[in-house]
file coords_23.txt (compact mmCIF, N, CA and C atoms)
# COMPACT_ATOMS: atom_id res chain seq x y z
N MET A 681 1.29 7.97 6.81
CA MET A 681 2.14 6.82 6.62
C MET A 681 1.87 5.85 7.76
N LEU A 682 1.95 4.55 7.43
CA LEU A 682 1.72 3.49 8.41
C LEU A 682 2.86 2.49 8.36
N ILE A 683 3.10 1.84 9.49
CA ILE A 683 3.94 0.65 9.53
C ILE A 683 3.02 -0.48 9.94
N VAL A 684 2.90 -1.47 9.08
CA VAL A 684 2.00 -2.60 9.31
C VAL A 684 2.84 -3.81 9.70
N HIS A 685 2.46 -4.41 10.81
CA HIS A 685 3.18 -5.58 11.31
C HIS A 685 2.39 -6.85 11.02
N THR A 686 3.11 -7.87 10.59
CA THR A 686 2.55 -9.20 10.44
C THR A 686 3.67 -10.20 10.66
N THR A 687 3.32 -11.46 10.78
CA THR A 687 4.32 -12.52 10.89
C THR A 687 3.93 -13.64 9.93
N LEU A 688 4.96 -14.36 9.48
CA LEU A 688 4.72 -15.50 8.61
C LEU A 688 5.44 -16.71 9.19
N SER A 689 5.07 -17.87 8.69
CA SER A 689 5.57 -19.11 9.29
C SER A 689 7.00 -19.47 8.92
N ASP A 690 7.52 -18.92 7.82
CA ASP A 690 8.91 -19.24 7.43
C ASP A 690 9.49 -18.14 6.56
N ARG A 691 10.79 -18.19 6.41
CA ARG A 691 11.52 -17.14 5.68
C ARG A 691 11.13 -17.09 4.21
N ALA A 692 10.98 -18.23 3.57
CA ALA A 692 10.62 -18.24 2.15
C ALA A 692 9.27 -17.55 1.93
N ALA A 693 8.31 -17.82 2.80
CA ALA A 693 7.00 -17.17 2.70
C ALA A 693 7.13 -15.67 2.94
N ALA A 694 7.98 -15.27 3.88
CA ALA A 694 8.18 -13.85 4.17
C ALA A 694 8.81 -13.13 2.97
N GLU A 695 9.81 -13.75 2.37
CA GLU A 695 10.46 -13.13 1.22
C GLU A 695 9.51 -13.03 0.03
N ALA A 696 8.72 -14.07 -0.20
CA ALA A 696 7.75 -14.04 -1.30
C ALA A 696 6.70 -12.96 -1.06
N MET A 697 6.21 -12.86 0.17
CA MET A 697 5.22 -11.85 0.50
C MET A 697 5.80 -10.45 0.31
N ALA A 698 7.00 -10.22 0.81
CA ALA A 698 7.64 -8.91 0.68
C ALA A 698 7.76 -8.52 -0.80
N GLN A 699 8.21 -9.43 -1.62
CA GLN A 699 8.38 -9.16 -3.05
C GLN A 699 7.05 -8.79 -3.70
N GLN A 700 6.01 -9.51 -3.38
CA GLN A 700 4.70 -9.23 -3.97
C GLN A 700 4.15 -7.89 -3.51
N LEU A 701 4.36 -7.56 -2.24
CA LEU A 701 3.88 -6.27 -1.74
C LEU A 701 4.56 -5.11 -2.46
N ILE A 702 5.86 -5.24 -2.71
CA ILE A 702 6.60 -4.20 -3.43
C ILE A 702 6.14 -4.14 -4.88
N GLU A 703 6.07 -5.29 -5.53
CA GLU A 703 5.66 -5.32 -6.95
C GLU A 703 4.27 -4.76 -7.17
N ASN A 704 3.37 -4.98 -6.21
CA ASN A 704 1.99 -4.50 -6.33
C ASN A 704 1.80 -3.10 -5.76
N ARG A 705 2.91 -2.44 -5.39
CA ARG A 705 2.88 -1.08 -4.84
C ARG A 705 1.99 -0.95 -3.61
N LEU A 706 1.91 -2.03 -2.85
CA LEU A 706 1.18 -2.00 -1.59
C LEU A 706 2.10 -1.54 -0.46
N ALA A 707 3.39 -1.53 -0.73
CA ALA A 707 4.38 -1.10 0.26
C ALA A 707 5.55 -0.45 -0.46
N ALA A 708 6.17 0.50 0.24
CA ALA A 708 7.40 1.11 -0.28
C ALA A 708 8.61 0.30 0.16
N CYS A 709 8.49 -0.34 1.31
CA CYS A 709 9.61 -1.07 1.89
C CYS A 709 9.05 -2.13 2.84
N VAL A 710 9.69 -3.27 2.88
CA VAL A 710 9.31 -4.32 3.84
C VAL A 710 10.58 -4.80 4.52
N HIS A 711 10.60 -4.71 5.83
CA HIS A 711 11.72 -5.26 6.60
C HIS A 711 11.32 -6.66 7.06
N ILE A 712 12.20 -7.61 6.79
CA ILE A 712 12.02 -8.99 7.25
C ILE A 712 12.96 -9.18 8.43
N GLY A 713 12.40 -9.50 9.57
CA GLY A 713 13.20 -9.64 10.77
C GLY A 713 13.71 -11.05 10.99
N ALA A 714 14.50 -11.17 12.04
CA ALA A 714 15.01 -12.48 12.46
C ALA A 714 13.88 -13.30 13.06
N PRO A 715 14.00 -14.61 13.02
CA PRO A 715 12.95 -15.45 13.61
C PRO A 715 12.70 -15.09 15.08
N ILE A 716 11.43 -15.14 15.45
CA ILE A 716 11.02 -14.90 16.83
C ILE A 716 10.22 -16.10 17.31
N GLN A 717 10.17 -16.26 18.60
CA GLN A 717 9.33 -17.32 19.16
C GLN A 717 8.07 -16.67 19.71
N ALA A 718 6.94 -17.10 19.21
CA ALA A 718 5.65 -16.56 19.63
C ALA A 718 4.98 -17.52 20.60
N HIS A 719 4.41 -16.95 21.64
CA HIS A 719 3.60 -17.71 22.61
C HIS A 719 2.21 -17.11 22.56
N TYR A 720 1.19 -17.93 22.37
CA TYR A 720 -0.16 -17.41 22.21
C TYR A 720 -1.17 -18.50 22.54
N ARG A 721 -2.42 -18.09 22.67
CA ARG A 721 -3.51 -19.03 22.88
C ARG A 721 -4.31 -19.10 21.58
N TRP A 722 -4.57 -20.29 21.10
CA TRP A 722 -5.34 -20.49 19.88
C TRP A 722 -6.31 -21.64 20.09
N GLN A 723 -7.58 -21.35 19.89
CA GLN A 723 -8.65 -22.33 20.04
C GLN A 723 -8.58 -23.04 21.40
N GLY A 724 -8.35 -22.21 22.44
CA GLY A 724 -8.38 -22.71 23.80
C GLY A 724 -7.12 -23.38 24.30
N LYS A 725 -6.07 -23.45 23.46
CA LYS A 725 -4.84 -24.12 23.86
C LYS A 725 -3.66 -23.15 23.78
N ALA A 726 -2.74 -23.27 24.76
CA ALA A 726 -1.50 -22.50 24.70
C ALA A 726 -0.61 -23.10 23.62
N GLU A 727 -0.06 -22.24 22.77
CA GLU A 727 0.76 -22.67 21.64
C GLU A 727 2.07 -21.89 21.63
N THR A 728 3.05 -22.42 20.94
CA THR A 728 4.28 -21.70 20.63
C THR A 728 4.63 -22.00 19.17
N ALA A 729 5.27 -21.03 18.54
CA ALA A 729 5.69 -21.22 17.15
C ALA A 729 6.83 -20.25 16.85
N VAL A 730 7.67 -20.64 15.93
CA VAL A 730 8.69 -19.74 15.41
C VAL A 730 8.08 -19.02 14.21
N GLU A 731 8.19 -17.69 14.21
CA GLU A 731 7.62 -16.89 13.15
C GLU A 731 8.64 -15.88 12.63
N ILE A 732 8.40 -15.40 11.43
CA ILE A 732 9.24 -14.38 10.81
C ILE A 732 8.43 -13.08 10.78
N PRO A 733 8.91 -12.02 11.46
CA PRO A 733 8.17 -10.76 11.47
C PRO A 733 8.44 -9.91 10.23
N LEU A 734 7.41 -9.22 9.78
CA LEU A 734 7.52 -8.25 8.69
C LEU A 734 7.05 -6.91 9.21
N ALA A 735 7.79 -5.85 8.87
CA ALA A 735 7.39 -4.47 9.12
C ALA A 735 7.22 -3.83 7.76
N ILE A 736 6.00 -3.50 7.41
CA ILE A 736 5.63 -3.04 6.08
C ILE A 736 5.35 -1.54 6.12
N LYS A 737 6.15 -0.77 5.34
CA LYS A 737 5.95 0.68 5.27
C LYS A 737 5.01 0.97 4.11
N THR A 738 3.89 1.62 4.42
CA THR A 738 2.89 1.90 3.40
C THR A 738 2.21 3.22 3.67
N SER A 739 1.32 3.61 2.77
CA SER A 739 0.56 4.84 2.95
C SER A 739 -0.82 4.50 3.51
N ARG A 740 -1.44 5.48 4.12
CA ARG A 740 -2.82 5.27 4.62
C ARG A 740 -3.76 4.91 3.47
N ALA A 741 -3.54 5.53 2.32
CA ALA A 741 -4.42 5.28 1.18
C ALA A 741 -4.32 3.83 0.69
N ARG A 742 -3.15 3.21 0.82
CA ARG A 742 -2.97 1.83 0.34
C ARG A 742 -3.33 0.79 1.38
N TYR A 743 -3.59 1.21 2.64
CA TYR A 743 -3.85 0.24 3.69
C TYR A 743 -5.01 -0.72 3.37
N PRO A 744 -6.17 -0.25 2.92
CA PRO A 744 -7.26 -1.20 2.65
C PRO A 744 -6.85 -2.30 1.65
N ALA A 745 -6.15 -1.92 0.60
CA ALA A 745 -5.71 -2.91 -0.39
C ALA A 745 -4.66 -3.84 0.21
N LEU A 746 -3.76 -3.29 1.03
CA LEU A 746 -2.75 -4.11 1.69
C LEU A 746 -3.40 -5.11 2.63
N GLU A 747 -4.33 -4.65 3.44
CA GLU A 747 -5.03 -5.56 4.36
C GLU A 747 -5.73 -6.68 3.58
N HIS A 748 -6.41 -6.31 2.53
CA HIS A 748 -7.11 -7.31 1.70
C HIS A 748 -6.11 -8.33 1.14
N TYR A 749 -4.98 -7.84 0.64
CA TYR A 749 -3.96 -8.74 0.08
C TYR A 749 -3.42 -9.68 1.16
N LEU A 750 -3.09 -9.13 2.32
CA LEU A 750 -2.56 -9.97 3.39
C LEU A 750 -3.55 -11.05 3.80
N LYS A 751 -4.82 -10.69 3.98
CA LYS A 751 -5.82 -11.68 4.37
C LYS A 751 -5.98 -12.76 3.30
N ALA A 752 -5.93 -12.37 2.03
CA ALA A 752 -6.13 -13.31 0.93
C ALA A 752 -4.94 -14.25 0.71
N HIS A 753 -3.73 -13.79 1.05
CA HIS A 753 -2.53 -14.56 0.73
C HIS A 753 -1.78 -15.10 1.94
N HIS A 754 -2.29 -14.86 3.12
CA HIS A 754 -1.63 -15.32 4.33
C HIS A 754 -2.04 -16.75 4.64
N SER A 755 -1.12 -17.53 5.17
CA SER A 755 -1.42 -18.93 5.47
C SER A 755 -2.17 -19.10 6.79
N TYR A 756 -2.16 -18.08 7.64
CA TYR A 756 -2.86 -18.19 8.93
C TYR A 756 -4.34 -17.90 8.77
N GLU A 757 -5.14 -18.59 9.56
CA GLU A 757 -6.59 -18.35 9.55
C GLU A 757 -6.90 -16.92 10.01
N VAL A 758 -6.21 -16.49 11.06
CA VAL A 758 -6.35 -15.12 11.58
C VAL A 758 -4.95 -14.53 11.71
N PRO A 759 -4.45 -13.90 10.65
CA PRO A 759 -3.09 -13.36 10.70
C PRO A 759 -3.03 -12.08 11.53
N GLU A 760 -1.86 -11.83 12.08
CA GLU A 760 -1.61 -10.54 12.72
C GLU A 760 -1.50 -9.50 11.60
N ILE A 761 -2.36 -8.51 11.66
CA ILE A 761 -2.28 -7.36 10.76
C ILE A 761 -2.55 -6.15 11.65
N VAL A 762 -1.47 -5.49 12.07
CA VAL A 762 -1.55 -4.37 13.00
C VAL A 762 -0.89 -3.16 12.36
N ALA A 763 -1.65 -2.11 12.17
CA ALA A 763 -1.12 -0.89 11.57
C ALA A 763 -0.84 0.14 12.65
N VAL A 764 0.35 0.71 12.59
CA VAL A 764 0.76 1.74 13.54
C VAL A 764 0.98 3.03 12.74
N ALA A 765 0.31 4.08 13.14
CA ALA A 765 0.46 5.36 12.46
C ALA A 765 1.81 5.98 12.78
N VAL A 766 2.44 6.52 11.75
CA VAL A 766 3.71 7.24 11.93
C VAL A 766 3.36 8.69 12.24
N VAL A 767 3.76 9.15 13.42
CA VAL A 767 3.43 10.50 13.86
C VAL A 767 4.40 11.51 13.27
N GLU A 768 5.66 11.17 13.20
CA GLU A 768 6.67 12.04 12.63
C GLU A 768 7.57 11.21 11.73
N ALA A 769 8.06 11.84 10.66
CA ALA A 769 8.99 11.17 9.76
C ALA A 769 9.77 12.23 8.99
N LEU A 770 10.95 11.86 8.58
CA LEU A 770 11.72 12.74 7.71
C LEU A 770 10.85 13.04 6.49
N PRO A 771 10.61 14.30 6.16
CA PRO A 771 9.73 14.62 5.04
C PRO A 771 10.10 13.92 3.73
N ALA A 772 11.37 13.83 3.43
CA ALA A 772 11.78 13.16 2.19
C ALA A 772 11.43 11.67 2.22
N TYR A 773 11.55 11.03 3.38
CA TYR A 773 11.19 9.61 3.50
C TYR A 773 9.68 9.44 3.34
N TYR A 774 8.92 10.31 3.99
CA TYR A 774 7.47 10.28 3.87
C TYR A 774 7.05 10.41 2.40
N THR A 775 7.65 11.36 1.70
CA THR A 775 7.33 11.56 0.29
C THR A 775 7.70 10.33 -0.53
N TRP A 776 8.84 9.73 -0.23
CA TRP A 776 9.27 8.52 -0.94
C TRP A 776 8.25 7.39 -0.75
N VAL A 777 7.79 7.20 0.48
CA VAL A 777 6.79 6.15 0.74
C VAL A 777 5.54 6.42 -0.08
N GLN A 778 5.07 7.66 -0.06
CA GLN A 778 3.86 8.00 -0.82
C GLN A 778 4.04 7.73 -2.31
N CYS A 779 5.20 8.11 -2.84
CA CYS A 779 5.47 7.91 -4.26
C CYS A 779 5.54 6.42 -4.61
N GLU A 780 6.25 5.65 -3.81
CA GLU A 780 6.42 4.23 -4.10
C GLU A 780 5.13 3.45 -3.96
N CYS A 781 4.20 3.96 -3.18
CA CYS A 781 2.89 3.31 -3.04
C CYS A 781 1.91 3.82 -4.10
N GLY A 782 2.40 4.69 -4.98
CA GLY A 782 1.55 5.19 -6.07
C GLY A 782 0.61 6.30 -5.66
N ASP A 783 0.87 6.94 -4.51
CA ASP A 783 -0.02 8.00 -4.03
C ASP A 783 0.39 9.39 -4.47
N ALA A 784 1.56 9.51 -5.05
CA ALA A 784 2.07 10.81 -5.49
C ALA A 784 2.92 10.60 -6.73
N PRO A 785 3.07 11.61 -7.56
CA PRO A 785 3.90 11.44 -8.75
C PRO A 785 5.34 11.13 -8.37
N LEU A 786 5.97 10.25 -9.12
CA LEU A 786 7.38 9.93 -8.90
C LEU A 786 8.23 11.08 -9.37
N SER A 787 9.27 11.39 -8.60
CA SER A 787 10.19 12.46 -8.98
C SER A 787 11.00 12.03 -10.21
N PRO A 788 11.40 13.01 -11.05
CA PRO A 788 12.21 12.65 -12.24
C PRO A 788 13.59 12.16 -11.84
call {"tool": "encode", "arguments": {"input": "coords_23.txt", "output": "structure tokens"}}
result
Amino acid sequence: MLIVHTTLSDRAAAEAMAQQLIENRLAACVHIGAPIQAHYRWQGKAETAVEIPLAIKTSRARYPALEHYLKAHHSYEVPEIVAVAVVEALPAYYTWVQCECGDAPLSP
């Protein structure tokens, strides 16, 4: 299981992205966070922006498709796409993530 972090430029874009990820079974769950202020360097200049963070719960098997989707549908030229491996998880939650991502049969 992975938690993939990304940010989007506004709440409407974050909500639309979350909905599509769930509908396409690229994620079992997407948390949309409160706006954050990002400070970064881009093309040689210091920048700041308000961004909306997403924490995407997915399976390792779905990561390549998720990454492809994020790159294709993200408004940023180089979006943050950072996957963090889950070392431990409640077994039932882990199974739920796998099932919702289409990696295991759904329970009756």
call {"tool": "residues_around", "arguments": {"input": "coords_23.txt", "residues": "segment 763-770 of chain A", "least_positions_apart": "5", "cutoff": "6.5 Å", "atoms": "all atoms listed in the file", "output": "VMD selection string"}}
result
chain A and resid 681 to 685 775
call {"tool": "atom_distance", "arguments": {"input": "coords_23.txt", "atom1": "atom C of Arg705 of chain A", "atom2": "atom CA of Glu757 of chain A"}}
result
23.4 Å
call {"tool": "closest_residue", "arguments": {"input": "coords_23.txt", "among": "A:Glu731, A:Leu706, A:Asp783, A:Thr738", "to": "Ala692 of chain A", "atoms": "only C-alpha atoms"}}
result
A:Glu731
call {"tool": "closest_residue", "arguments": {"input": "coords_23.txt", "among": "A:Ile732, A:Val777, A:Ile702, A:Met697", "to": "Ile716 of chain A", "atoms": "only N, CA and C atoms"}}
result
A:Ile732
call {"tool": "select_by_dssp", "arguments": {"input": "coords_23.txt", "residues": "chain A", "states": "strand (DSSP E)", "output": "ChimeraX atom specification"}}
result
/A:682-688,709-712,716-722,725-738,762-765
call {"tool": "atom_distance", "arguments": {"input": "coords_23.txt", "atom1": "atom C of Ala729 of chain A", "atom2": "atom N of Asp690 of chain A"}}
result
9.2 Å
call {"tool": "atom_distance", "arguments": {"input": "coords_23.txt", "atom1": "atom CA of Val758 of chain A", "atom2": "atom CA of Pro733 of chain A"}}
result
15.2 Å
call {"tool": "closest_residue", "arguments": {"input": "coords_23.txt", "among": "A:Leu746, A:Lys725, A:Tyr720, A:Ser689", "to": "Leu701 of chain A", "atoms": "only N, CA and C atoms"}}
result
A:Leu746
call {"tool": "select_by_dssp", "arguments": {"input": "coords_23.txt", "residues": "chain A", "states": "alpha helix (DSSP H)", "output": "PyMOL selection string"}}
result
chain A and resi 691-703+743-753+771-780
